[in-house]
Amino acid sequence: MSAAGFLSQLLQLAIALTLAPILVGWVNQCRAWLSNRSAPPLLQPYRMIRKLFHKDAVVAEHASWLFRMTPYIVFAAMALAAAIVPSLATDLPFARAADAIALVGLFALARVFGALAAMDIGTAFGSMGARREMFVGFLAEPALLMVLFTASLISGSTSLPTIVDTLAHREFAIYPSLAFAGVAFTMVSLAENARIPIDNPATHLELTMIHEAMLLEYSARHLALIEWASALKLFNYSCIGLALFLPFGIAEGSADWLAILGATPVLIVKLAVGGFALALIETLSAKLRIFRAPEFLGTAFLLAVLAMLVNLMLGS
Amino acid sequence: MTQIPIWAQLINLLAAVLLLLAFAMLAQRRVLTLINLFAAQGFALASSTAIVAFATHQPHLYWSVGLTLVLKVMLLPWLLHRLILKLDVKWDVEGLINIPTTMLLGIVLVVFAFNLALPISQLANTVTRATLGIAMASVMLAFLMMITRRKAIPQVIGFLAMENGLFFAATSATYGMPMVVELGIALDVLVAMLILGVFFFQIREQFDSLDLQHLEKLKE
């Protein structure tokens, strides 16, 4: 393990932790602009988190240790994922701990604990939200795996840094399979991050919410950690998407400090554009009924499988 | 990895688009969108034929590009639109089995077609031989669409889409058929469309609906 690798790992983690709430703030701002409302400030999620950390936590009487532990587990899983996904550099000593499949497992771990904690309290909304979250998750996970397999087939490895290295280094070629996988990945990330066609992050209407319904019983520092973790989740998904489909500008191999520092503004610009695209998709589409979700995610799965088959058939 | 030329990559891309459109048609409920998708498929087909013609210097293929553009992108969709207006059938198309199941069946068919095409395409020596599997898959998907649809017009669109797949197989895998064959097929499709158009009116006269399940009942 080189010293530069270690430092780039630390820098990447720090950037993920600080940028994630700002990314959420940026998406909210774009959404407000696009729907002609006056936008909240960019740092609003930070203010929210600070406010929540200063409050006293209220825990339900029948809550078990599971309920109190979950925010820490979810936050730790998301922070670990942020350390694995190559967003700035591909020379990440930590990334050897887990490949793409284990990364999906990490997301699944956070989801399972979130759902268990929501059911732990025993309120109707909590368990309803948990059931719906698991329903969406079970449909989205295979599609996500298929997308990652397509990228793995092209680069011949399931380790994310290797995939990104191969994709960033290749000579110019048209990859229909990557185009399909890109669309599928966009659909999956919309569903996984509780975004509009599947869930609405801004709603508190009881019958339509999925992710928010699971968090109803949380307060203060627990809520702050969970909000931060979901911001990190959005950040992670954006970084996976950028690394797989737009890997240009990332510091490759054992890069020096200058390359890593140079990759930071590129990453910020890419995230800003991606966040705006997300806000645009959310503004343009209407929320689907929950029972239309299988159709939406089934299409994502289909596209991902087609990507893999086309890759096998055409070799591109 | 050996790099194939850019025009072959473009044909691969168009082949993937063709397959995607075949799936979109399979999943589409509305008959008007179905016709537009069919026109888009025709356009993708014409573009890929044009690229083959340009890259392999076969001027007679430009005729078939023109034929495809006029016939499949303009004339047939226009005829179908007119038929729909005349028959007053802007209803939602409903499939026999639900859409996710149809899609999964479609994936199975694609895998089957790819496996079937693999030994055949190894015999060919063209750069774009790999697209043969995709062409076969779109033929089978169109076939599946004909089977799962109950109404007459989507079945006819399935028939036309099947012809698109065959045509793509001919141009991409073997760089085109003789002119006479192409003309013959094109005219066949046109005539079939006209005859089927008359059939639609006859079926509706008899049963007051275009639901083909009525044809399965015997008259007492």
# chains A, B, ... in the order shown; residues from 1 in each chain; ligands from 1
>>> interface_residues(of="chain A", to="chain B", cutoff="10 Å", atoms="only C-alpha atoms", output="tab-separated table (two decimals) with C-alpha atoms, in the first residue's frame")
chain	number	residue	atom	x	y	z
A	170	ARG	CA	-10.12	1.93	-23.80
A	171	GLU	CA	-9.82	3.42	-27.26
A	172	PHE	CA	-12.92	5.06	-28.61
A	173	ALA	CA	-15.59	2.53	-29.57
A	174	ILE	CA	-19.37	2.47	-29.60
A	175	TYR	CA	-20.70	0.20	-26.89
A	176	PRO	CA	-24.43	-0.41	-27.38
A	177	SER	CA	-24.34	-2.63	-24.31
A	179	ALA	CA	-25.83	2.50	-23.47
A	180	PHE	CA	-28.48	-0.04	-22.46
A	294	PRO	CA	-42.70	-4.02	-11.07
A	295	GLU	CA	-43.26	-2.86	-14.65
A	296	PHE	CA	-40.76	0.00	-14.26
A	297	LEU	CA	-38.10	-2.11	-12.61
A	298	GLY	CA	-38.87	-5.07	-14.86
A	299	THR	CA	-38.01	-2.83	-17.80
A	301	PHE	CA	-33.95	-5.57	-15.55
A	302	LEU	CA	-34.81	-6.31	-19.17
A	303	LEU	CA	-32.53	-3.54	-20.42
A	305	VAL	CA	-30.08	-8.36	-19.40
A	306	LEU	CA	-30.26	-7.15	-23.01
A	307	ALA	CA	-27.07	-5.19	-22.42
A	309	LEU	CA	-26.69	-10.46	-24.10
A	310	VAL	CA	-25.80	-7.85	-26.71
A	311	ASN	CA	-22.34	-7.66	-25.20
A	312	LEU	CA	-21.95	-11.42	-25.45
A	313	MET	CA	-23.30	-11.51	-28.99
A	314	LEU	CA	-21.56	-8.52	-30.53
A	315	GLY	CA	-18.53	-8.45	-28.29
A	316	SER	CA	-18.98	-4.72	-27.80
>>> select_by_dssp(residues="range 10-209 of chain B", states="strand (DSSP E or B)", output="list in words")
Arg30, Asp92, Gly95, Arg149 and Lys151 of chain B
>>> closest_residue(among="B:Leu141, B:Val198, B:Val73, B:Ile157", to="Leu109 in chain B", atoms="only C-alpha atoms")
B:Leu141
>>> residues_around(residues="Leu37 in chain B", least_positions_apart="2", cutoff="12 Å", atoms="only C-alpha atoms", output="PyMOL selection string")
chain B and resi 17-35+39-44+72-73+77+154+157-158+160-161
>>> residues_around(residues="range 201-216 of chain B", least_positions_apart="3", cutoff="9 Å", atoms="only C-alpha atoms", output="ChimeraX atom specification")
/B:87,89,150-153,196-198
>>> write_last_selection(atoms="C-alpha atoms", output="PDB file, in the first residue's frame")
ATOM      1  CA  LEU B  87     -62.227   1.755 -38.229  1.00  0.00           C
ATOM      2  CA  VAL B  89     -60.204   1.846 -33.071  1.00  0.00           C
ATOM      3  CA  ARG B 150     -55.761 -10.565 -29.591  1.00  0.00           C
ATOM      4  CA  LYS B 151     -56.732  -7.713 -31.887  1.00  0.00           C
ATOM      5  CA  ALA B 152     -56.181  -7.735 -35.632  1.00  0.00           C
ATOM      6  CA  ILE B 153     -54.151  -4.562 -36.151  1.00  0.00           C
ATOM      7  CA  LEU B 196     -55.353  -7.395 -44.745  1.00  0.00           C
ATOM      8  CA  GLY B 197     -56.846  -3.907 -44.740  1.00  0.00           C
ATOM      9  CA  VAL B 198     -59.826  -5.247 -46.665  1.00  0.00           C
TER      10      VAL B 198
END
>>> residues_around(residues="Ala243 in chain A", least_positions_apart="5", cutoff="7 Å", atoms="only C-alpha atoms", output="list in words")
Pro86, Ser87 and Val164 of chain A
>>> closest_residue(among="A:Thr123, A:Asn193, A:Asn200, A:Gln9", to="Ala231 in chain A", atoms="only C-alpha atoms")
A:Asn193
>>> residues_around(residues="Leu79 in chain B", least_positions_apart="5", cutoff="10 Å", atoms="only C-alpha atoms", output="PyMOL selection string")
chain B and resi 74+84-85+193-194+197
>>> atom_distance(atom1="CA of Ser219 in chain A", atom2="CA of Ala57 in chain A")
5.6 Å
>>> closest_residue(among="A:Val188, A:Ala83, A:Cys30, A:Leu271", to="Ala293 in chain A", atoms="only C-alpha atoms")
A:Val188
>>> atom_distance(atom1="CA of Ile210 in chain A", atom2="CA of Ile196 in chain A")
11.1 Å
>>> closest_residue(among="B:Asn36, B:Gln122, B:Thr68, B:Thr102", to="Leu80 in chain B", atoms="only C-alpha atoms")
B:Asn36
>>> atom_distance(atom1="CA of Met146 in chain B", atom2="CA of Ile195 in chain B")
17.6 Å
>>> closest_residue(among="B:Ala170, B:Ala53, B:Val181, B:Val156", to="Leu83 in chain B", atoms="only C-alpha atoms")
B:Val156
>>> residues_around(residues="range 174-180 of chain B", least_positions_apart="3", cutoff="9 Å", atoms="only C-alpha atoms", output="MDAnalysis selection string")
chainID B and resid 49 52:53 56 58 60:61 63:64 124:126 128:129 167:171 183:185
>>> select_by_dssp(residues="range 3-41 of chain B", states="helix (DSSP H, G or I)", output="number ranges by chain")
B: 6-27, 31-41
>>> closest_residue(among="B:Gly66, B:Gly165, B:Pro119, B:Pro59", to="Val139 in chain B", atoms="only C-alpha atoms")
B:Gly165
